[in-house]
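Reading through the structure tokens given below for one structure.
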There are 2 protein chains.
Amino acid sequence: MASAIAGSASRTGPATDLFGILALFRVGHPLTRADVVRGSGLSRATANQRLDALIAAGLVIAAEPATSTGGRPPGLFAFNRDRGVLLLADLGASAMRLALCDLAGTILTEVEERIDVSDGPVVVLKLVSEQFAKLLAGTGHQTTDVLGIGLDVPGPVDFASGRVVSPPIMTGWDRFDLPGWFTGTYDCPVVVDKDVNAMALGEHRSSFPDVSHLMMLKVGTGVGSGLIADGKVHRGADGAAGDIGHIQLTLPDETGIEPLCRCGNHGCVEAYAGGWAMARDLRASGKDVHTVDDVLRCLQTGDVTAQQLLRRAGRILGRAVADAVNLFNPRIIAVCGQLAHTDEQLLAGIREIVYQRSLPLATRNLQIVRSELDPRAGLVGLAALLSDEIFSHERLGSLINR
Amino acid sequence: MASAIAGSASRTGPATDLFGILALFRVGHPLTRADVVRGSGLSRATANQRLDALIAAGLVIAAEPATSTGGRPPGLFAFNRDRGVLLLADLGASAMRLALCDLAGTILTEVEERIDVSDGPVVVLKLVSEQFAKLLAGTGHQTTDVLGIGLDVPGPVDFASGRVVSPPIMTGWDRFDLPGWFTGTYDCPVVVDKDVNAMALGEHRSSFPDVSHLMMLKVGTGVGSGLIADGKVHRGADGAAGDIGHIQLTLPDETGIEPLCRCGNHGCVEAYAGGWAMARDLRASGKDVHTVDDVLRCLQTGDVTAQQLLRRAGRILGRAVADAVNLFNPRIIAVCGQLAHTDEQLLAGIREIVYQRSLPLATRNLQIVRSELDPRAGLVGLAALLSDEIFSHERLGSLINR
């Protein structure tokens with residue numbers, strides 16, 4: 001019983017009041033004290049007390065009215081997006097994208113760098129730390145200005161602990177304590193997620209904020225997806241959800257053995273339709289193709305075999321996406337990754353099979369679109385994930401007393 | 001801006017206080033006024049004012065202490081589970097199960113009746129109304145005692161409106177206004193959901209309350225599933241989520257054309273592994289088998305063909321379940337429906353393929369079990385769904401002022 005009461009207390013006490021009031025400011029335009037009383041449903045005395053605490057903490061500041069009304073303007077207050085900054089790192093297999101953003105999630109400065117994720121966490125995270133320091137120095141910020149750090153990685157993550165778990169392609173990263181890496185330098189929360197989860201959240205918040213159920217399908221070297229269920233990232237019981245790339249298919253027109261996948265199984269979606277599999281097939285046809293960048297070059301020069309393989313990849317992806325549509329019933333499927341930005345062959349192949357194989361009820365309002373945000377979806381999603389975390393009612397108290 | 005403020009008001013005002021205090025009583029043992037102050041985080045005056053409102057509405061009553069302490073007992077209060085009753089109807093294709101329960105979800109009386117759901121909504125709902133009246137009369141209740149009605153049906157439902165949408169097997173039910181049927185007789189919320197959704201919620205709340213991600217797989221005449229994501233029913237964008245029965249498979253050992261499904265497509269999971277498909281295959285082998293009950297009789301008499309078909313059905317289900325494990329990553333898969341309660345062949349077949357085809361990260365903590373609650377999972381889930389609805393902070397106000 002004690003725990004039930006304690007659990008409830010955190011939802012109805014002063015922290016929730018502060019959270020609720022800050023949320024009013026975070027979503028909207030400047031507000032007066034009267035707006036806050038009305039919006040919070042609290043008594044005038046309590047609402048003003050809570051607002052004063054947010055002002056004292058520097059999270060809410062006096063604001064100028066947008067337009068002069070001629071008369072004496074009422075006291076307006078707004079969220080102080082410059083009360084601190086967030087540091088973000090979107091790690092891929094061969095490149096990383098880092099940014100510094102304000103508390104509203106607006107990216108202030110950004111940098112991209114080649115990496116090899118299989119060099120292991122120490123090598124890669126040293127580069128991340130160096131770049132973070134440069135981003136801070138370049139914008140005139142101190143480490144104490146950093147209110148949160150967000151990272152995403154191309155592998156499964158135990159979200160609660162921030163550790164990478166059983167990653168297929170991140171050699172040496174298994175169980176590595178990512179938040180612990182930053183502890184000595186920064187005194188702030190560190191959030192770590194799988195790359196496709198951050199991308200799905202970014203696409204949702206930025207392009208489709210009114211769509212509760214969305215799938216972000218990434219088709220690059222590998223194939224993966226991030227799921228938004230009821231407006232939140234669906235990570236599943238082990239952080240393994242959305243793993244569409246290793247659904248195993250049996251194709252009716254195939255002869256002989258199913259292709260070997262990087263995961264050790266045969267016949268996975270990405271063993272047919274991932275960028276590495278397309279490179280393998282182009283190489284088998286006698287071309288000098290090794291990476292997904294080589295595949296893209298073939299496509300850009302109008303190579304017919306590459307075009308045919310891309311359409312075939314779309315159709316094969318369509319089989320797995322059709323399963324996902326039946327099971328998960330998203331409103332939007334946004335396709336991202338290097339192969340999504342070639343031409344319409346990939347999306348056409350996906351659409352062809354999904355509309356053929358899924359039930360009408362699940363497809364009548366379904367849209368399959370190219371991601372609007374890619375390749376910055378990861379950074380945008382990380383900023384959203386991180387602000388939700390540091391301004392959550394569990395965390396907000398520590399920010400007020402800081 | 002106005003809507004953002006209004007939206008927030010409903011989350012932090014007096015309704016939330018009432019909701020929070022009632023929630024304390026609904027989950028736990030009797031509480032003193034001091035417990036309520038501590039548990040709610042409200043001031044003594046506000047907490048007592050809210051508690052008095054709940055007492056005046058009859059939702060909280062004075063309670064006896066569980067054991068005498070010898071001294072003068074402090075004033076204890078408890079949730080009044082007898083403040084009203086709920087009526088529940090779990091509709092299947094060929095039978096319905098109805099119950100009357102108290103506000104804590106305890107079923108007080110229950111009845112089962114054969115129906116044919118394809119007789120259409122008017123015929124079936126007349127039977128439901130008659131049985132509801134009998135359940136009330138038999139327990140000495142009036143229609144005004146009914147605080148909520150819950151129904152589930154074997155087809156997709158638009159949860160917000162309570163209408164059945166595009167049901168494959170419920171002839172004549174498309175777009176029928178189920179809540180509207182009860183409006184003239186009862187003045188209370190009516191909640192309608194897909195059967196597997198209610199069953200999934202029932203199994204979650206009753207057997208696995210600490211498991212956030214669960215799949216309830218129903219294998220009866222047809223095949224379907226209900227998904228619990230983050231402790232809540234995942235219905236998807238159109239109420240079509242969990243439709244595992246119409247995932248299309250290509251089997252490597254099949255020759256010729258894939259079997260025709262009831263949905264009009266070829267090669268769906270239930271066209272191989274549903275009870276109706278097993279009946280078809282047994283009939284093709286010369287047996288007089290037409291329904292899933294006939295299939296069960298064959299299995300009970302040790303018919304070897306039926307046993308082989310059941311194991312094969314398990315393996316085929318395993319292929320679709322493996323896809324669901326990769327995409328959704330549940331901790332528990334509970335198998336229910338008539339074919340789940342035969343012998344271990346079905347579950348053994350599912351397990352065999354899932355552990356072979358899904359990634360280790362998603363299966364290392366996965367359990368595939370027989371439903372503990374079936375065939376009452378639907379009713380238990382409806383009671384939970386309905387109590388959450390009528391005691392939600394949006395609804396609670398109307399109950400207080402009633």
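Residue numbering restarts at 1 for every chain of the structure tokens, chains are lettered A, B, ... in their displayed order, and ligands are numbered from 1 as they appear.
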
When you get a sec, could you note down which chain B residues fall within 6 Å of chain A, using only C-alpha atoms, as a ChimeraX atom specification?
/B:5,9,12-13,39-41,213,236-237,240-244,247,250,323,326-331,362

Can I get the selected residues back with C-alpha atoms, as a PDB file, in the first residue's frame?
```
ATOM      1  CA  ILE B   5      -5.150  25.694 -21.978  1.00  0.00           C
ATOM      2  CA  ALA B   9      -7.090  22.327 -17.247  1.00  0.00           C
ATOM      3  CA  THR B  12      -4.699  19.472 -13.227  1.00  0.00           C
ATOM      4  CA  GLY B  13      -8.032  20.662 -11.819  1.00  0.00           C
ATOM      5  CA  GLY B  39      -1.230   9.852  -0.705  1.00  0.00           C
ATOM      6  CA  SER B  40      -2.740  12.702  -2.697  1.00  0.00           C
ATOM      7  CA  GLY B  41      -0.114  15.339  -1.961  1.00  0.00           C
ATOM      8  CA  HIS B 213       3.812  -5.883 -23.393  1.00  0.00           C
ATOM      9  CA  GLY B 236      -4.021   0.963 -34.072  1.00  0.00           C
ATOM     10  CA  ALA B 237      -5.216   3.764 -36.314  1.00  0.00           C
ATOM     11  CA  ALA B 240      -7.486  -3.149 -37.044  1.00  0.00           C
ATOM     12  CA  ALA B 241      -4.323  -3.913 -35.036  1.00  0.00           C
ATOM     13  CA  GLY B 242      -3.478  -7.469 -34.007  1.00  0.00           C
ATOM     14  CA  ASP B 243      -4.841  -8.987 -37.195  1.00  0.00           C
ATOM     15  CA  ILE B 244      -2.399 -11.865 -37.304  1.00  0.00           C
ATOM     16  CA  ILE B 247      -0.912 -12.275 -42.560  1.00  0.00           C
ATOM     17  CA  THR B 250       4.248 -18.648 -48.565  1.00  0.00           C
ATOM     18  CA  ASP B 323       7.046 -11.842 -37.201  1.00  0.00           C
ATOM     19  CA  ASN B 326      10.261  -9.193 -34.108  1.00  0.00           C
ATOM     20  CA  LEU B 327       7.941  -6.249 -34.638  1.00  0.00           C
ATOM     21  CA  PHE B 328       6.177  -5.931 -31.307  1.00  0.00           C
ATOM     22  CA  ASN B 329       8.559  -7.612 -28.826  1.00  0.00           C
ATOM     23  CA  PRO B 330       6.070  -8.831 -26.192  1.00  0.00           C
ATOM     24  CA  ARG B 331       7.179 -10.446 -22.919  1.00  0.00           C
ATOM     25  CA  ALA B 362      13.421 -10.697 -28.423  1.00  0.00           C
TER      26      ALA B 362
END
```

With only C-alpha atoms as the counted atoms, please give the residues lying no more than 7 Å from Val146 in chain B, apart from itself and same-chain residues fewer than 2 positions off, as a PDB file with N, CA and C atoms, in the first residue's frame.
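Ended up saving to part.pdb:
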```pdb
ATOM      1  N   GLY B  84     -22.875   0.485  -7.530  1.00  0.00           N
ATOM      2  CA  GLY B  84     -23.606   0.218  -8.764  1.00  0.00           C
ATOM      3  C   GLY B  84     -23.106  -1.084  -9.339  1.00  0.00           C
ATOM      4  N   VAL B  85     -23.598  -1.416 -10.512  1.00  0.00           N
ATOM      5  CA  VAL B  85     -23.145  -2.654 -11.171  1.00  0.00           C
ATOM      6  C   VAL B  85     -22.775  -2.357 -12.626  1.00  0.00           C
ATOM      7  N   LEU B  86     -22.053  -3.275 -13.225  1.00  0.00           N
ATOM      8  CA  LEU B  86     -21.707  -3.213 -14.641  1.00  0.00           C
ATOM      9  C   LEU B  86     -22.319  -4.409 -15.357  1.00  0.00           C
ATOM     10  N   THR B 143     -32.393  -0.796 -13.440  1.00  0.00           N
ATOM     11  CA  THR B 143     -31.591  -0.257 -14.544  1.00  0.00           C
ATOM     12  C   THR B 143     -30.785   0.968 -14.093  1.00  0.00           C
ATOM     13  N   THR B 144     -31.318   1.722 -13.092  1.00  0.00           N
ATOM     14  CA  THR B 144     -30.587   2.906 -12.613  1.00  0.00           C
ATOM     15  C   THR B 144     -29.330   2.537 -11.820  1.00  0.00           C
ATOM     16  N   GLY B 148     -22.396   1.195 -16.132  1.00  0.00           N
ATOM     17  CA  GLY B 148     -21.683   1.036 -17.400  1.00  0.00           C
ATOM     18  C   GLY B 148     -22.028  -0.281 -18.062  1.00  0.00           C
ATOM     19  N   CYS B 188     -26.008   5.376 -19.097  1.00  0.00           N
ATOM     20  CA  CYS B 188     -24.630   5.118 -18.640  1.00  0.00           C
ATOM     21  C   CYS B 188     -23.724   4.969 -19.857  1.00  0.00           C
TER      22      CYS B 188
END
```

Residues within 10 Å of range 104-109 of chain B, please, as JSON, numbers by chain. Count only C-alpha atoms; anything in the same chain fewer than 5 positions from it doesn't count.
{"B": [26, 27, 79, 80, 81, 82, 85, 86, 87, 88, 98, 99, 135, 136, 138, 139, 379, 380, 381, 382, 383, 384, 385, 386, 387]}

How would the residues just picked look written out with C-alpha atoms as a PDB file, in the first residue's frame?
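Saved as again-v3.pdb:
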```pdb
ATOM      1  CA  ARG B  26      -9.619   1.448  -5.957  1.00  0.00           C
ATOM      2  CA  VAL B  27      -6.167  -0.177  -5.837  1.00  0.00           C
ATOM      3  CA  PHE B  79     -14.064   2.087  -2.206  1.00  0.00           C
ATOM      4  CA  ASN B  80     -17.775   1.236  -2.357  1.00  0.00           C
ATOM      5  CA  ARG B  81     -17.759  -1.588  -4.913  1.00  0.00           C
ATOM      6  CA  ASP B  82     -21.529  -1.938  -4.480  1.00  0.00           C
ATOM      7  CA  VAL B  85     -23.145  -2.654 -11.171  1.00  0.00           C
ATOM      8  CA  LEU B  86     -21.707  -3.213 -14.641  1.00  0.00           C
ATOM      9  CA  LEU B  87     -23.293  -5.290 -17.405  1.00  0.00           C
ATOM     10  CA  LEU B  88     -20.981  -7.192 -19.730  1.00  0.00           C
ATOM     11  CA  LEU B  98     -22.956 -12.294 -20.291  1.00  0.00           C
ATOM     12  CA  ALA B  99     -22.280 -11.173 -16.752  1.00  0.00           C
ATOM     13  CA  LEU B 135     -29.312 -10.664 -14.702  1.00  0.00           C
ATOM     14  CA  LEU B 136     -30.520  -7.458 -13.052  1.00  0.00           C
ATOM     15  CA  GLY B 138     -31.970 -12.078 -10.537  1.00  0.00           C
ATOM     16  CA  THR B 139     -29.692  -9.954  -8.349  1.00  0.00           C
ATOM     17  CA  LEU B 379     -15.596 -10.636 -19.516  1.00  0.00           C
ATOM     18  CA  VAL B 380     -12.731  -9.859 -17.130  1.00  0.00           C
ATOM     19  CA  GLY B 381     -11.184  -7.526 -19.692  1.00  0.00           C
ATOM     20  CA  LEU B 382     -14.495  -5.768 -20.360  1.00  0.00           C
ATOM     21  CA  ALA B 383     -14.941  -5.119 -16.635  1.00  0.00           C
ATOM     22  CA  ALA B 384     -11.448  -3.583 -16.470  1.00  0.00           C
ATOM     23  CA  LEU B 385     -11.991  -1.491 -19.607  1.00  0.00           C
ATOM     24  CA  LEU B 386     -15.329  -0.253 -18.341  1.00  0.00           C
ATOM     25  CA  SER B 387     -14.166   0.654 -14.805  1.00  0.00           C
TER      26      SER B 387
END
```

Contacts of Ala334 in chain A within 6 Å, only C-alpha atoms, excl. fewer than 5 positions in-chain, as a ChimeraX atom specification:
/A:216,369-371

Tell me, which residues of range 37-237 of chain B carry DSSP strand (DSSP E), written as JSON, numbers by chain?
{"B": [60, 61, 62, 63, 76, 77, 78, 79, 85, 86, 87, 88, 89, 90, 91, 95, 96, 97, 98, 99, 100, 101, 102, 107, 108, 109, 110, 111, 112, 113, 114, 146, 147, 148, 149, 150, 151, 152, 153, 157, 158, 163, 164, 190, 191, 192, 193, 194, 214, 215, 216, 217, 218, 219, 223, 224, 225, 226, 227, 228, 229, 232, 233]}

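Using only C-alpha atoms, the contacts of Gly58 in chain A at a cut-off of 12 Å, with sequence neighbours closer than 2 positions omitted, comprise Leu22, Leu51, Asp52, Ala53, Leu54, Ile55, Ala56, Val60, Ile61, Ala62, Phe77, Ala78, Phe79, Asn80, Arg81, Asp82, Arg83, Gly84, Leu399, Ile400, Asn401 and Arg402 of chain A.
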
Those selected residues, please, written with N, CA and C atoms and delivered as an mmCIF file, in the first residue's frame.
```cif
data_model
loop_
_atom_site.group_PDB
_atom_site.id
_atom_site.type_symbol
_atom_site.label_atom_id
_atom_site.label_comp_id
_atom_site.auth_asym_id
_atom_site.auth_seq_id
_atom_site.Cartn_x
_atom_site.Cartn_y
_atom_site.Cartn_z
ATOM 1 N N LEU A 22 4.567 24.497 -16.570
ATOM 2 C CA LEU A 22 5.650 24.620 -17.553
ATOM 3 C C LEU A 22 5.184 24.105 -18.921
ATOM 4 N N LEU A 51 4.298 29.504 -10.458
ATOM 5 C CA LEU A 51 4.882 30.309 -11.537
ATOM 6 C C LEU A 51 6.139 31.017 -11.041
ATOM 7 N N ASP A 52 6.076 31.537 -9.808
ATOM 8 C CA ASP A 52 7.243 32.229 -9.254
ATOM 9 C C ASP A 52 8.422 31.258 -9.106
ATOM 10 N N ALA A 53 8.139 30.010 -8.753
ATOM 11 C CA ALA A 53 9.220 29.018 -8.640
ATOM 12 C C ALA A 53 9.871 28.791 -10.001
ATOM 13 N N LEU A 54 9.043 28.731 -11.060
ATOM 14 C CA LEU A 54 9.589 28.538 -12.412
ATOM 15 C C LEU A 54 10.391 29.762 -12.857
ATOM 16 N N ILE A 55 9.928 30.950 -12.462
ATOM 17 C CA ILE A 55 10.661 32.178 -12.804
ATOM 18 C C ILE A 55 11.993 32.208 -12.056
ATOM 19 N N ALA A 56 11.958 31.831 -10.755
ATOM 20 C CA ALA A 56 13.185 31.810 -9.951
ATOM 21 C C ALA A 56 14.200 30.834 -10.522
ATOM 22 N N VAL A 60 11.061 30.218 -16.796
ATOM 23 C CA VAL A 60 10.054 31.111 -17.368
ATOM 24 C C VAL A 60 10.559 32.537 -17.151
ATOM 25 N N ILE A 61 10.413 33.373 -18.191
ATOM 26 C CA ILE A 61 10.898 34.758 -18.101
ATOM 27 C C ILE A 61 9.837 35.727 -18.604
ATOM 28 N N ALA A 62 10.017 36.999 -18.251
ATOM 29 C CA ALA A 62 9.124 38.040 -18.761
ATOM 30 C C ALA A 62 9.275 38.117 -20.283
ATOM 31 N N PHE A 77 4.527 36.275 -19.807
ATOM 32 C CA PHE A 77 5.633 35.384 -19.480
ATOM 33 C C PHE A 77 5.758 34.299 -20.546
ATOM 34 N N ALA A 78 6.982 33.819 -20.742
ATOM 35 C CA ALA A 78 7.219 32.801 -21.765
ATOM 36 C C ALA A 78 8.254 31.796 -21.282
ATOM 37 N N PHE A 79 8.252 30.628 -21.928
ATOM 38 C CA PHE A 79 9.271 29.611 -21.674
ATOM 39 C C PHE A 79 10.633 30.167 -22.065
ATOM 40 N N ASN A 80 11.626 29.991 -21.195
ATOM 41 C CA ASN A 80 12.977 30.473 -21.479
ATOM 42 C C ASN A 80 13.777 29.384 -22.185
ATOM 43 N N ARG A 81 13.696 29.369 -23.507
ATOM 44 C CA ARG A 81 14.355 28.318 -24.289
ATOM 45 C C ARG A 81 15.871 28.402 -24.209
ATOM 46 N N ASP A 82 16.375 29.521 -23.711
ATOM 47 C CA ASP A 82 17.827 29.700 -23.605
ATOM 48 C C ASP A 82 18.342 29.496 -22.181
ATOM 49 N N ARG A 83 17.518 28.877 -21.332
ATOM 50 C CA ARG A 83 17.940 28.609 -19.954
ATOM 51 C C ARG A 83 19.094 27.608 -19.911
ATOM 52 N N GLY A 84 19.294 26.880 -21.006
ATOM 53 C CA GLY A 84 20.364 25.892 -21.107
ATOM 54 C C GLY A 84 20.377 25.336 -22.513
ATOM 55 N N LEU A 399 15.629 20.241 -11.382
ATOM 56 C CA LEU A 399 15.994 21.403 -12.178
ATOM 57 C C LEU A 399 15.647 22.698 -11.429
ATOM 58 N N ILE A 400 14.539 22.644 -10.678
ATOM 59 C CA ILE A 400 14.092 23.816 -9.913
ATOM 60 C C ILE A 400 15.053 24.099 -8.764
ATOM 61 N N ASN A 401 15.530 23.029 -8.114
ATOM 62 C CA ASN A 401 16.383 23.209 -6.932
ATOM 63 C C ASN A 401 17.861 23.321 -7.272
ATOM 64 N N ARG A 402 18.154 23.329 -8.535
ATOM 65 C CA ARG A 402 19.536 23.293 -8.978
ATOM 66 C C ARG A 402 20.252 24.593 -8.688
#
```

In range 40-230 of chain B, DSSP helix (DSSP H, G or I) residues written as JSON, numbers by chain:
{"B": [40, 44, 45, 46, 47, 48, 49, 50, 51, 52, 53, 54, 55, 56, 117, 118, 119, 121, 122, 123, 124, 125, 126, 127, 128, 129, 130, 131, 132, 133, 134, 135, 136, 137, 138, 143, 144, 145, 178, 179, 180, 181, 182, 195, 196, 197, 198, 199, 200, 201, 202, 203, 204, 205, 206, 207]}

Can you measure CA of Gly378 in chain B to CA of Ala198 in chain B for me? One decimal in Å is fine.
5.0 Å

As a check of understanding: the span from CA of Ile316 in chain A to CA of Lys194 in chain A is 23.8 Å

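Closest approach to Leu346 in chain B from the set B:Ala47, B:Lys287, B:Leu217, B:Asp303 is made by B:Leu217, with distances taken over only C-alpha atoms.
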